[in-house]
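Here the structure comes first, spelled out in structure tokens, and everything after it is commentary.
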Amino acid sequence: MTEGKTAPAEGSISYPNKSVVVRMEDGIAWVSLNRPEKRNAINPAIVFEMNEVLDNLEMDDSCRVVVITGSGDAFSAGQDLKEYFREPDAGPPALRERLHKANAQWQWRRLMHFSKPTIAMVNGWCFGGAFQFLLACDLAIADEKAVFGLSEINWGIIPAGIVTKSVAMAVLQRQAMYYIMTGETFDGKRAEEIGIVNFAVPKDQLEERVRKLAHVLMKKNPHVLRACKSGYHYVRDLPWDMAAEYLAAKSDQTKHRDPEQGDQKGMTQFLDEKSYRPGLGAYNRDK
Ligand code: COA
């Protein structure tokens, strides 16, 4: 265990070692970036471990929802200025390119289309590159006192990678431009108001609120949830007619491939058995 690291809790699995800790609990994989002494700044170790963690969790049937958070008092201070920028910039371009590609892979390419629901639990500092994986997660809940900032302007770069695009897709122009251009920080409550997170709650309720949301998601049909995610991300950039065609095809594919034939169960339980109301909750997946 490196000095300053948070010891993995009992029942935790580290993939494969210490910069990321994964704790499995009742279907939920609590994934913590684990460099609290560096405010969970993203260095190459986290990049490569997170790719491996996502690979493993995708194959692991005991994992039904993934929560991404940070150890200590930070969610993540964004990319590591020394280990992600300065040192790779001074090294061979091919190695830097490999690192940046691997980073894009876990922070958004992979995460956005991850086959299981994902929740960002923003427990503290959240800067720069952290917006990439925050906004690539399906849902997000923050400590109301967490501090967010698009700090790139403060140290002389633009919010690159895919930070600017992620923010532009999530919030209105005036707010995006304000925070991109001023680098001003904002708290969890403000993040909720402008749509960066779903809710902001007091710190002592944060984990329980995330757990509750994870349990709501676990009651839904996982195959259909996955298709909902793809549908949302792909149609945002499509013209209306193409979006309608895509959704029709996706809907047919989803019904056809659904191992539990959810739509049939849903209709039977509502129309014939009258045992539930789709407007008010999910059908019983165990029947
Ligand atoms: N890259 C590299 N190192 C970082 C880092 C980052 N993004 N964020 C924090 N660290 C390191 C600090 O250099 C310090 O290292 P040291 O103990 O070896 O000196 C350690 O983490 C603790 O940071 P510190 O600034 O002392 O903690 P703090 O709690 O007082 O402040 C922050 C926390 C997040 C406000 C501050 O660290 C910060 O501004 N970080 C940079 C945020 C940023 O601009 N990120 C965008 C990157 S794209």
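Identifiers in this document derive from the order of the structure tokens: chains are assigned A, B, ..., residues are numbered from 1 separately in each chain, and ligands are numbered from 1 in order of occurrence.
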Step one, run DSSP on the backbone; step two, keep only residues of stretch 40-271 of chain A assigned to alpha helix (DSSP H); then write them as number ranges by chain.
A: 44-59, 87-90, 93-104, 110-112, 130-136, 163-170, 173-182, 188-194, 203-218, 222-235, 240-257, 262-267
Show me, as JSON, numbers by chain, the residues that have an atom within 10 Å of A:Leu81 when counting only C-alpha atoms, minus same-chain residues fewer than 2 positions from it.
{"A": [41, 42, 43, 77, 78, 79, 83, 84, 85, 86, 87, 155]}
Around ligand 1, at most 9 Å away and counting only C-alpha atoms and all ligand atoms, which residues are there? Put them as a PDB file with all heavy atoms, in the first residue's frame, please.
```pdb
ATOM      1  N   ARG A  35      -6.356   8.041  -5.316  1.00  0.00           N
ATOM      2  CA  ARG A  35      -5.120   8.812  -5.076  1.00  0.00           C
ATOM      3  C   ARG A  35      -5.496  10.025  -4.229  1.00  0.00           C
ATOM      4  O   ARG A  35      -5.329  11.174  -4.666  1.00  0.00           O
ATOM      5  CB  ARG A  35      -4.513   9.318  -6.385  1.00  0.00           C
ATOM      6  CG  ARG A  35      -4.067   8.242  -7.361  1.00  0.00           C
ATOM      7  CD  ARG A  35      -3.445   8.894  -8.592  1.00  0.00           C
ATOM      8  NE  ARG A  35      -2.131   9.433  -8.360  1.00  0.00           N
ATOM      9  CZ  ARG A  35      -1.672  10.548  -8.942  1.00  0.00           C
ATOM     10  NH1 ARG A  35      -2.422  11.252  -9.767  1.00  0.00           N
ATOM     11  NH2 ARG A  35      -0.451  10.977  -8.685  1.00  0.00           N
ATOM     12  N   PRO A  36      -6.059   9.813  -3.057  1.00  0.00           N
ATOM     13  CA  PRO A  36      -6.566  10.953  -2.284  1.00  0.00           C
ATOM     14  C   PRO A  36      -5.504  12.000  -2.010  1.00  0.00           C
ATOM     15  O   PRO A  36      -5.804  13.192  -1.936  1.00  0.00           O
ATOM     16  CB  PRO A  36      -7.076  10.311  -0.990  1.00  0.00           C
ATOM     17  CG  PRO A  36      -6.435   8.967  -0.912  1.00  0.00           C
ATOM     18  CD  PRO A  36      -6.206   8.538  -2.323  1.00  0.00           C
ATOM     19  N   GLU A  37      -4.236  11.541  -1.878  1.00  0.00           N
ATOM     20  CA  GLU A  37      -3.154  12.501  -1.588  1.00  0.00           C
ATOM     21  C   GLU A  37      -2.912  13.439  -2.761  1.00  0.00           C
ATOM     22  O   GLU A  37      -2.334  14.511  -2.597  1.00  0.00           O
ATOM     23  CB  GLU A  37      -1.873  11.751  -1.174  1.00  0.00           C
ATOM     24  CG  GLU A  37      -1.098  11.057  -2.304  1.00  0.00           C
ATOM     25  CD  GLU A  37      -1.758   9.781  -2.858  1.00  0.00           C
ATOM     26  OE1 GLU A  37      -2.845   9.406  -2.396  1.00  0.00           O
ATOM     27  OE2 GLU A  37      -1.160   9.175  -3.781  1.00  0.00           O
ATOM     28  N   LYS A  38      -3.367  13.052  -3.963  1.00  0.00           N
ATOM     29  CA  LYS A  38      -3.266  13.920  -5.153  1.00  0.00           C
ATOM     30  C   LYS A  38      -4.669  14.302  -5.622  1.00  0.00           C
ATOM     31  O   LYS A  38      -4.893  14.573  -6.812  1.00  0.00           O
ATOM     32  CB  LYS A  38      -2.516  13.203  -6.288  1.00  0.00           C
ATOM     33  CG  LYS A  38      -1.079  12.825  -5.946  1.00  0.00           C
ATOM     34  CD  LYS A  38      -0.168  14.038  -5.915  1.00  0.00           C
ATOM     35  CE  LYS A  38       1.269  13.624  -5.630  1.00  0.00           C
ATOM     36  NZ  LYS A  38       2.138  14.791  -5.367  1.00  0.00           N
ATOM     37  N   ARG A  39      -5.607  14.282  -4.738  1.00  0.00           N
ATOM     38  CA  ARG A  39      -7.012  14.653  -5.002  1.00  0.00           C
ATOM     39  C   ARG A  39      -7.573  13.863  -6.195  1.00  0.00           C
ATOM     40  O   ARG A  39      -8.331  14.356  -7.009  1.00  0.00           O
ATOM     41  CB  ARG A  39      -7.153  16.165  -5.254  1.00  0.00           C
ATOM     42  CG  ARG A  39      -6.579  17.039  -4.139  1.00  0.00           C
ATOM     43  CD  ARG A  39      -7.201  16.778  -2.770  1.00  0.00           C
ATOM     44  NE  ARG A  39      -6.614  17.598  -1.722  1.00  0.00           N
ATOM     45  CZ  ARG A  39      -5.639  17.182  -0.890  1.00  0.00           C
ATOM     46  NH1 ARG A  39      -5.163  15.940  -0.966  1.00  0.00           N
ATOM     47  NH2 ARG A  39      -5.163  17.993   0.022  1.00  0.00           N
ATOM     48  N   ASN A  40      -7.112  12.616  -6.299  1.00  0.00           N
ATOM     49  CA  ASN A  40      -7.575  11.700  -7.353  1.00  0.00           C
ATOM     50  C   ASN A  40      -7.380  12.277  -8.760  1.00  0.00           C
ATOM     51  O   ASN A  40      -8.200  12.051  -9.669  1.00  0.00           O
ATOM     52  CB  ASN A  40      -9.030  11.289  -7.129  1.00  0.00           C
ATOM     53  CG  ASN A  40      -9.231  10.668  -5.760  1.00  0.00           C
ATOM     54  OD1 ASN A  40      -8.407   9.877  -5.320  1.00  0.00           O
ATOM     55  ND2 ASN A  40     -10.282  11.053  -5.061  1.00  0.00           N
ATOM     56  N   ALA A  41      -6.292  13.027  -8.921  1.00  0.00           N
ATOM     57  CA  ALA A  41      -5.931  13.508 -10.264  1.00  0.00           C
ATOM     58  C   ALA A  41      -5.641  12.285 -11.137  1.00  0.00           C
ATOM     59  O   ALA A  41      -5.070  11.292 -10.679  1.00  0.00           O
ATOM     60  CB  ALA A  41      -4.706  14.416 -10.180  1.00  0.00           C
ATOM     61  N   ILE A  42      -6.038  12.385 -12.407  1.00  0.00           N
ATOM     62  CA  ILE A  42      -5.960  11.222 -13.301  1.00  0.00           C
ATOM     63  C   ILE A  42      -4.554  11.083 -13.878  1.00  0.00           C
ATOM     64  O   ILE A  42      -4.121  11.887 -14.714  1.00  0.00           O
ATOM     65  CB  ILE A  42      -6.977  11.374 -14.469  1.00  0.00           C
ATOM     66  CG1 ILE A  42      -8.386  11.678 -13.935  1.00  0.00           C
ATOM     67  CG2 ILE A  42      -6.951  10.135 -15.350  1.00  0.00           C
ATOM     68  CD1 ILE A  42      -8.961  10.633 -13.006  1.00  0.00           C
ATOM     69  N   ASN A  43      -3.858  10.061 -13.435  1.00  0.00           N
ATOM     70  CA  ASN A  43      -2.503   9.779 -13.944  1.00  0.00           C
ATOM     71  C   ASN A  43      -2.565   8.517 -14.804  1.00  0.00           C
ATOM     72  O   ASN A  43      -3.624   7.872 -14.910  1.00  0.00           O
ATOM     73  CB  ASN A  43      -1.514   9.653 -12.777  1.00  0.00           C
ATOM     74  CG  ASN A  43      -1.776   8.431 -11.929  1.00  0.00           C
ATOM     75  OD1 ASN A  43      -2.817   7.793 -12.046  1.00  0.00           O
ATOM     76  ND2 ASN A  43      -0.842   8.114 -11.063  1.00  0.00           N
ATOM     77  N   ASP A  73     -11.366  13.477   0.097  1.00  0.00           N
ATOM     78  CA  ASP A  73     -12.265  14.636  -0.042  1.00  0.00           C
ATOM     79  C   ASP A  73     -12.396  15.137  -1.482  1.00  0.00           C
ATOM     80  O   ASP A  73     -12.879  16.232  -1.717  1.00  0.00           O
ATOM     81  CB  ASP A  73     -11.822  15.775   0.893  1.00  0.00           C
ATOM     82  CG  ASP A  73     -10.436  16.301   0.524  1.00  0.00           C
ATOM     83  OD1 ASP A  73      -9.838  15.808  -0.459  1.00  0.00           O
ATOM     84  OD2 ASP A  73      -9.949  17.215   1.217  1.00  0.00           O
ATOM     85  N   ALA A  74     -11.951  14.333  -2.438  1.00  0.00           N
ATOM     86  CA  ALA A  74     -12.066  14.750  -3.846  1.00  0.00           C
ATOM     87  C   ALA A  74     -12.817  13.703  -4.659  1.00  0.00           C
ATOM     88  O   ALA A  74     -12.682  12.507  -4.402  1.00  0.00           O
ATOM     89  CB  ALA A  74     -10.678  14.951  -4.453  1.00  0.00           C
ATOM     90  N   SER A  76     -12.494  14.132  -8.278  1.00  0.00           N
ATOM     91  CA  SER A  76     -11.219  14.104  -9.002  1.00  0.00           C
ATOM     92  C   SER A  76     -10.812  15.525  -9.380  1.00  0.00           C
ATOM     93  O   SER A  76     -11.645  16.305  -9.853  1.00  0.00           O
ATOM     94  CB  SER A  76     -11.330  13.257 -10.270  1.00  0.00           C
ATOM     95  OG  SER A  76     -10.183  13.450 -11.077  1.00  0.00           O
ATOM     96  N   ALA A  77      -9.520  15.833  -9.181  1.00  0.00           N
ATOM     97  CA  ALA A  77      -8.976  17.143  -9.564  1.00  0.00           C
ATOM     98  C   ALA A  77      -8.624  17.179 -11.051  1.00  0.00           C
ATOM     99  O   ALA A  77      -7.819  17.998 -11.477  1.00  0.00           O
ATOM    100  CB  ALA A  77      -7.752  17.465  -8.722  1.00  0.00           C
ATOM    101  N   GLY A  78      -9.223  16.289 -11.845  1.00  0.00           N
ATOM    102  CA  GLY A  78      -9.004  16.307 -13.299  1.00  0.00           C
ATOM    103  C   GLY A  78      -7.705  15.631 -13.680  1.00  0.00           C
ATOM    104  O   GLY A  78      -7.130  14.856 -12.906  1.00  0.00           O
ATOM    105  N   GLN A  79      -7.245  15.931 -14.885  1.00  0.00           N
ATOM    106  CA  GLN A  79      -6.019  15.275 -15.360  1.00  0.00           C
ATOM    107  C   GLN A  79      -4.825  15.717 -14.499  1.00  0.00           C
ATOM    108  O   GLN A  79      -4.756  16.880 -14.064  1.00  0.00           O
ATOM    109  CB  GLN A  79      -5.769  15.626 -16.826  1.00  0.00           C
ATOM    110  CG  GLN A  79      -6.909  15.274 -17.769  1.00  0.00           C
ATOM    111  CD  GLN A  79      -7.448  13.868 -17.606  1.00  0.00           C
ATOM    112  OE1 GLN A  79      -8.599  13.666 -17.239  1.00  0.00           O
ATOM    113  NE2 GLN A  79      -6.613  12.874 -17.870  1.00  0.00           N
ATOM    114  N   ASP A  80      -3.900  14.810 -14.293  1.00  0.00           N
ATOM    115  CA  ASP A  80      -2.716  15.105 -13.490  1.00  0.00           C
ATOM    116  C   ASP A  80      -1.758  15.965 -14.324  1.00  0.00           C
ATOM    117  O   ASP A  80      -1.250  15.510 -15.362  1.00  0.00           O
ATOM    118  CB  ASP A  80      -2.048  13.782 -13.071  1.00  0.00           C
ATOM    119  CG  ASP A  80      -0.926  13.997 -12.080  1.00  0.00           C
ATOM    120  OD1 ASP A  80      -0.012  14.794 -12.377  1.00  0.00           O
ATOM    121  OD2 ASP A  80      -0.963  13.363 -11.018  1.00  0.00           O
ATOM    122  N   LEU A  81      -1.530  17.193 -13.852  1.00  0.00           N
ATOM    123  CA  LEU A  81      -0.722  18.127 -14.650  1.00  0.00           C
ATOM    124  C   LEU A  81       0.705  17.616 -14.870  1.00  0.00           C
ATOM    125  O   LEU A  81       1.307  17.886 -15.909  1.00  0.00           O
ATOM    126  CB  LEU A  81      -0.676  19.509 -13.976  1.00  0.00           C
ATOM    127  CG  LEU A  81      -1.808  20.473 -14.377  1.00  0.00           C
ATOM    128  CD1 LEU A  81      -3.168  19.960 -13.980  1.00  0.00           C
ATOM    129  CD2 LEU A  81      -1.579  21.847 -13.769  1.00  0.00           C
ATOM    130  N   LYS A  82       1.203  16.868 -13.902  1.00  0.00           N
ATOM    131  CA  LYS A  82       2.585  16.373 -14.028  1.00  0.00           C
ATOM    132  C   LYS A  82       2.621  15.061 -14.827  1.00  0.00           C
ATOM    133  O   LYS A  82       3.310  14.962 -15.838  1.00  0.00           O
ATOM    134  CB  LYS A  82       3.140  16.157 -12.615  1.00  0.00           C
ATOM    135  CG  LYS A  82       4.536  15.605 -12.526  1.00  0.00           C
ATOM    136  CD  LYS A  82       5.039  15.746 -11.075  1.00  0.00           C
ATOM    137  CE  LYS A  82       6.372  15.056 -10.882  1.00  0.00           C
ATOM    138  NZ  LYS A  82       6.196  13.633 -10.550  1.00  0.00           N
ATOM    139  N   GLU A  83       1.833  14.090 -14.366  1.00  0.00           N
ATOM    140  CA  GLU A  83       1.962  12.745 -14.936  1.00  0.00           C
ATOM    141  C   GLU A  83       1.151  12.530 -16.218  1.00  0.00           C
ATOM    142  O   GLU A  83       1.423  11.613 -16.978  1.00  0.00           O
ATOM    143  CB  GLU A  83       1.544  11.695 -13.902  1.00  0.00           C
ATOM    144  CG  GLU A  83       2.487  11.586 -12.730  1.00  0.00           C
ATOM    145  CD  GLU A  83       2.117  10.434 -11.813  1.00  0.00           C
ATOM    146  OE1 GLU A  83       1.781   9.337 -12.303  1.00  0.00           O
ATOM    147  OE2 GLU A  83       2.142  10.632 -10.585  1.00  0.00           O
ATOM    148  N   TYR A  84       0.118  13.371 -16.417  1.00  0.00           N
ATOM    149  CA  TYR A  84      -0.683  13.197 -17.642  1.00  0.00           C
ATOM    150  C   TYR A  84      -0.266  14.190 -18.725  1.00  0.00           C
ATOM    151  O   TYR A  84      -0.373  13.910 -19.911  1.00  0.00           O
ATOM    152  CB  TYR A  84      -2.175  13.358 -17.340  1.00  0.00           C
ATOM    153  CG  TYR A  84      -3.071  13.017 -18.518  1.00  0.00           C
ATOM    154  CD1 TYR A  84      -3.429  11.688 -18.787  1.00  0.00           C
ATOM    155  CD2 TYR A  84      -3.510  14.016 -19.399  1.00  0.00           C
ATOM    156  CE1 TYR A  84      -4.215  11.374 -19.880  1.00  0.00           C
ATOM    157  CE2 TYR A  84      -4.291  13.707 -20.497  1.00  0.00           C
ATOM    158  CZ  TYR A  84      -4.650  12.389 -20.734  1.00  0.00           C
ATOM    159  OH  TYR A  84      -5.418  12.061 -21.824  1.00  0.00           O
ATOM    160  N   PHE A  85       0.214  15.404 -18.274  1.00  0.00           N
ATOM    161  CA  PHE A  85       0.612  16.407 -19.268  1.00  0.00           C
ATOM    162  C   PHE A  85       2.137  16.573 -19.352  1.00  0.00           C
ATOM    163  O   PHE A  85       2.743  16.208 -20.347  1.00  0.00           O
ATOM    164  CB  PHE A  85      -0.050  17.758 -18.969  1.00  0.00           C
ATOM    165  CG  PHE A  85      -1.538  17.760 -19.202  1.00  0.00           C
ATOM    166  CD1 PHE A  85      -2.421  17.931 -18.148  1.00  0.00           C
ATOM    167  CD2 PHE A  85      -2.073  17.571 -20.474  1.00  0.00           C
ATOM    168  CE1 PHE A  85      -3.804  17.923 -18.351  1.00  0.00           C
ATOM    169  CE2 PHE A  85      -3.455  17.566 -20.689  1.00  0.00           C
ATOM    170  CZ  PHE A  85      -4.314  17.740 -19.622  1.00  0.00           C
ATOM    171  N   GLY A 124     -16.681  15.538  -3.745  1.00  0.00           N
ATOM    172  CA  GLY A 124     -15.803  16.661  -3.394  1.00  0.00           C
ATOM    173  C   GLY A 124     -15.275  17.321  -4.661  1.00  0.00           C
ATOM    174  O   GLY A 124     -15.959  17.340  -5.682  1.00  0.00           O
ATOM    175  N   TRP A 125     -14.044  17.844  -4.603  1.00  0.00           N
ATOM    176  CA  TRP A 125     -13.439  18.551  -5.733  1.00  0.00           C
ATOM    177  C   TRP A 125     -13.688  17.851  -7.072  1.00  0.00           C
ATOM    178  O   TRP A 125     -13.465  16.649  -7.191  1.00  0.00           O
ATOM    179  CB  TRP A 125     -11.921  18.635  -5.571  1.00  0.00           C
ATOM    180  CG  TRP A 125     -11.379  19.241  -4.317  1.00  0.00           C
ATOM    181  CD1 TRP A 125     -10.642  18.606  -3.362  1.00  0.00           C
ATOM    182  CD2 TRP A 125     -11.455  20.617  -3.915  1.00  0.00           C
ATOM    183  NE1 TRP A 125     -10.280  19.491  -2.374  1.00  0.00           N
ATOM    184  CE2 TRP A 125     -10.752  20.732  -2.687  1.00  0.00           C
ATOM    185  CE3 TRP A 125     -12.046  21.762  -4.452  1.00  0.00           C
ATOM    186  CZ2 TRP A 125     -10.629  21.933  -1.991  1.00  0.00           C
ATOM    187  CZ3 TRP A 125     -11.929  22.957  -3.766  1.00  0.00           C
ATOM    188  CH2 TRP A 125     -11.232  23.035  -2.556  1.00  0.00           C
ATOM    189  N   CYS A 126     -14.104  18.640  -8.061  1.00  0.00           N
ATOM    190  CA  CYS A 126     -14.352  18.079  -9.402  1.00  0.00           C
ATOM    191  C   CYS A 126     -13.910  19.110 -10.439  1.00  0.00           C
ATOM    192  O   CYS A 126     -14.576  20.145 -10.603  1.00  0.00           O
ATOM    193  CB  CYS A 126     -15.846  17.768  -9.548  1.00  0.00           C
ATOM    194  SG  CYS A 126     -16.283  17.186 -11.196  1.00  0.00           S
ATOM    195  N   PHE A 127     -12.795  18.854 -11.087  1.00  0.00           N
ATOM    196  CA  PHE A 127     -12.233  19.851 -12.005  1.00  0.00           C
ATOM    197  C   PHE A 127     -11.905  19.269 -13.378  1.00  0.00           C
ATOM    198  O   PHE A 127     -11.595  18.067 -13.504  1.00  0.00           O
ATOM    199  CB  PHE A 127     -10.934  20.432 -11.427  1.00  0.00           C
ATOM    200  CG  PHE A 127     -11.163  21.377 -10.276  1.00  0.00           C
ATOM    201  CD1 PHE A 127     -11.008  20.954  -8.968  1.00  0.00           C
ATOM    202  CD2 PHE A 127     -11.558  22.693 -10.510  1.00  0.00           C
ATOM    203  CE1 PHE A 127     -11.229  21.813  -7.905  1.00  0.00           C
ATOM    204  CE2 PHE A 127     -11.792  23.566  -9.452  1.00  0.00           C
ATOM    205  CZ  PHE A 127     -11.628  23.128  -8.144  1.00  0.00           C
ATOM    206  N   GLY A 128     -11.925  20.152 -14.380  1.00  0.00           N
ATOM    207  CA  GLY A 128     -11.387  19.866 -15.711  1.00  0.00           C
ATOM    208  C   GLY A 128     -11.791  18.520 -16.282  1.00  0.00           C
ATOM    209  O   GLY A 128     -12.966  18.231 -16.512  1.00  0.00           O
ATOM    210  N   GLY A 129     -10.784  17.666 -16.481  1.00  0.00           N
ATOM    211  CA  GLY A 129     -11.012  16.363 -17.104  1.00  0.00           C
ATOM    212  C   GLY A 129     -12.024  15.509 -16.356  1.00  0.00           C
ATOM    213  O   GLY A 129     -12.623  14.601 -16.945  1.00  0.00           O
ATOM    214  N   ALA A 130     -12.253  15.782 -15.085  1.00  0.00           N
ATOM    215  CA  ALA A 130     -13.248  14.997 -14.324  1.00  0.00           C
ATOM    216  C   ALA A 130     -14.649  15.178 -14.895  1.00  0.00           C
ATOM    217  O   ALA A 130     -15.510  14.317 -14.741  1.00  0.00           O
ATOM    218  CB  ALA A 130     -13.221  15.389 -12.853  1.00  0.00           C
ATOM    219  N   VAL A 147     -17.131  21.010  -4.842  1.00  0.00           N
ATOM    220  CA  VAL A 147     -16.714  22.184  -5.623  1.00  0.00           C
ATOM    221  C   VAL A 147     -16.341  21.749  -7.038  1.00  0.00           C
ATOM    222  O   VAL A 147     -15.499  20.864  -7.220  1.00  0.00           O
ATOM    223  CB  VAL A 147     -15.516  22.894  -4.957  1.00  0.00           C
ATOM    224  CG1 VAL A 147     -15.038  24.065  -5.810  1.00  0.00           C
ATOM    225  CG2 VAL A 147     -15.911  23.379  -3.564  1.00  0.00           C
ATOM    226  N   GLY A 149     -15.263  22.982 -11.096  1.00  0.00           N
ATOM    227  CA  GLY A 149     -14.669  24.085 -11.839  1.00  0.00           C
ATOM    228  C   GLY A 149     -14.064  23.638 -13.161  1.00  0.00           C
ATOM    229  O   GLY A 149     -13.450  22.570 -13.245  1.00  0.00           O
ATOM    230  N   LEU A 150     -14.322  24.471 -14.185  1.00  0.00           N
ATOM    231  CA  LEU A 150     -13.638  24.272 -15.478  1.00  0.00           C
ATOM    232  C   LEU A 150     -12.400  25.157 -15.423  1.00  0.00           C
ATOM    233  O   LEU A 150     -12.381  26.276 -15.926  1.00  0.00           O
ATOM    234  CB  LEU A 150     -14.589  24.629 -16.624  1.00  0.00           C
ATOM    235  CG  LEU A 150     -15.761  23.645 -16.733  1.00  0.00           C
ATOM    236  CD1 LEU A 150     -16.891  24.217 -17.564  1.00  0.00           C
ATOM    237  CD2 LEU A 150     -15.287  22.305 -17.304  1.00  0.00           C
ATOM    238  N   SER A 151     -11.375  24.635 -14.755  1.00  0.00           N
ATOM    239  CA  SER A 151     -10.226  25.450 -14.366  1.00  0.00           C
ATOM    240  C   SER A 151      -9.181  25.601 -15.462  1.00  0.00           C
ATOM    241  O   SER A 151      -8.167  26.269 -15.262  1.00  0.00           O
ATOM    242  CB  SER A 151      -9.575  24.818 -13.137  1.00  0.00           C
ATOM    243  OG  SER A 151      -9.282  23.451 -13.417  1.00  0.00           O
ATOM    244  N   GLU A 152      -9.421  24.982 -16.626  1.00  0.00           N
ATOM    245  CA  GLU A 152      -8.393  24.999 -17.672  1.00  0.00           C
ATOM    246  C   GLU A 152      -7.915  26.421 -17.981  1.00  0.00           C
ATOM    247  O   GLU A 152      -6.720  26.673 -18.123  1.00  0.00           O
ATOM    248  CB  GLU A 152      -8.928  24.328 -18.947  1.00  0.00           C
ATOM    249  CG  GLU A 152      -9.037  22.815 -18.861  1.00  0.00           C
ATOM    250  CD  GLU A 152     -10.350  22.309 -18.288  1.00  0.00           C
ATOM    251  OE1 GLU A 152     -11.078  23.107 -17.655  1.00  0.00           O
ATOM    252  OE2 GLU A 152     -10.636  21.111 -18.455  1.00  0.00           O
ATOM    253  N   ILE A 153      -8.880  27.363 -18.083  1.00  0.00           N
ATOM    254  CA  ILE A 153      -8.516  28.749 -18.415  1.00  0.00           C
ATOM    255  C   ILE A 153      -7.531  29.317 -17.394  1.00  0.00           C
ATOM    256  O   ILE A 153      -6.708  30.173 -17.712  1.00  0.00           O
ATOM    257  CB  ILE A 153      -9.805  29.636 -18.508  1.00  0.00           C
ATOM    258  CG1 ILE A 153      -9.499  31.036 -19.049  1.00  0.00           C
ATOM    259  CG2 ILE A 153     -10.506  29.773 -17.164  1.00  0.00           C
ATOM    260  CD1 ILE A 153      -9.148  31.065 -20.501  1.00  0.00           C
ATOM    261  N   ASN A 154      -7.614  28.815 -16.148  1.00  0.00           N
ATOM    262  CA  ASN A 154      -6.745  29.326 -15.077  1.00  0.00           C
ATOM    263  C   ASN A 154      -5.301  28.881 -15.224  1.00  0.00           C
ATOM    264  O   ASN A 154      -4.418  29.422 -14.569  1.00  0.00           O
ATOM    265  CB  ASN A 154      -7.263  28.878 -13.703  1.00  0.00           C
ATOM    266  CG  ASN A 154      -8.609  29.509 -13.388  1.00  0.00           C
ATOM    267  OD1 ASN A 154      -8.957  30.540 -13.954  1.00  0.00           O
ATOM    268  ND2 ASN A 154      -9.356  28.888 -12.505  1.00  0.00           N
ATOM    269  N   TRP A 155      -5.075  27.847 -16.028  1.00  0.00           N
ATOM    270  CA  TRP A 155      -3.660  27.470 -16.232  1.00  0.00           C
ATOM    271  C   TRP A 155      -3.286  27.428 -17.706  1.00  0.00           C
ATOM    272  O   TRP A 155      -2.320  26.791 -18.114  1.00  0.00           O
ATOM    273  CB  TRP A 155      -3.297  26.208 -15.464  1.00  0.00           C
ATOM    274  CG  TRP A 155      -3.967  24.918 -15.834  1.00  0.00           C
ATOM    275  CD1 TRP A 155      -5.220  24.526 -15.493  1.00  0.00           C
ATOM    276  CD2 TRP A 155      -3.400  23.855 -16.601  1.00  0.00           C
ATOM    277  NE1 TRP A 155      -5.473  23.279 -16.000  1.00  0.00           N
ATOM    278  CE2 TRP A 155      -4.378  22.839 -16.667  1.00  0.00           C
ATOM    279  CE3 TRP A 155      -2.157  23.646 -17.228  1.00  0.00           C
ATOM    280  CZ2 TRP A 155      -4.175  21.640 -17.348  1.00  0.00           C
ATOM    281  CZ3 TRP A 155      -1.947  22.453 -17.895  1.00  0.00           C
ATOM    282  CH2 TRP A 155      -2.949  21.458 -17.954  1.00  0.00           C
ATOM    283  N   ILE A 157      -4.909  26.582 -20.724  1.00  0.00           N
ATOM    284  CA  ILE A 157      -5.281  25.684 -21.822  1.00  0.00           C
ATOM    285  C   ILE A 157      -6.789  25.776 -22.041  1.00  0.00           C
ATOM    286  O   ILE A 157      -7.511  26.348 -21.218  1.00  0.00           O
ATOM    287  CB  ILE A 157      -4.878  24.199 -21.566  1.00  0.00           C
ATOM    288  CG1 ILE A 157      -5.691  23.582 -20.421  1.00  0.00           C
ATOM    289  CG2 ILE A 157      -3.387  24.081 -21.307  1.00  0.00           C
ATOM    290  CD1 ILE A 157      -5.625  22.058 -20.377  1.00  0.00           C
ATOM    291  N   PRO A 159     -10.507  23.748 -22.408  1.00  0.00           N
ATOM    292  CA  PRO A 159     -11.044  22.456 -21.932  1.00  0.00           C
ATOM    293  C   PRO A 159     -11.127  21.486 -23.107  1.00  0.00           C
ATOM    294  O   PRO A 159     -12.121  21.436 -23.833  1.00  0.00           O
ATOM    295  CB  PRO A 159     -12.438  22.813 -21.394  1.00  0.00           C
ATOM    296  CG  PRO A 159     -12.467  24.313 -21.290  1.00  0.00           C
ATOM    297  CD  PRO A 159     -11.519  24.812 -22.346  1.00  0.00           C
ATOM    298  N   ALA A 160     -10.031  20.766 -23.311  1.00  0.00           N
ATOM    299  CA  ALA A 160      -9.950  19.900 -24.494  1.00  0.00           C
ATOM    300  C   ALA A 160     -10.359  18.484 -24.132  1.00  0.00           C
ATOM    301  O   ALA A 160     -11.232  18.300 -23.292  1.00  0.00           O
ATOM    302  CB  ALA A 160      -8.545  19.976 -25.074  1.00  0.00           C
TER     303      ALA A 160
END
```
Please identify all polymer residues within 12 Å of A:Glu273, counting only C-alpha atoms, omitting same-chain residues fewer than 4 positions from it, and present them as a PyMOL selection string.
chain A and resi 265-269+277+283-284+287
Enumerate as a PyMOL selection string all residues of stretch 43-123 of chain A assigned to strand (DSSP E or B) by DSSP on the backbone, naming them with the chain letters and numbers the document uses.
chain A and resi 65-70+74-76+79+118-122
If I take atom CA of A:Ala146 and atom CA of A:Leu213, how far is one from the other in Å, to one decimal?
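Atom CA of A:Leu213 lies at a distance of 19.3 Å from atom CA of A:Ala146.
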For atom CA of A:Leu206 and atom CA of A:Glu25, quote the distance in Å rounded to one decimal.
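Rounded to one decimal, the two atoms are 16.2 Å apart.
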Write out as a PyMOL selection string each polymer residue whose atoms come within 12 Å of A:Ala168, counting only C-alpha atoms; drop sequence neighbours fewer than 6 positions from it.
chain A and resi 131-132+135+159+162+174-180+194-196
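Proximity ranking of A:Lys250, A:Arg236, A:Lys18, A:Arg257 relative to A:Ser71 places A:Lys18 first, based on only C-alpha atoms.
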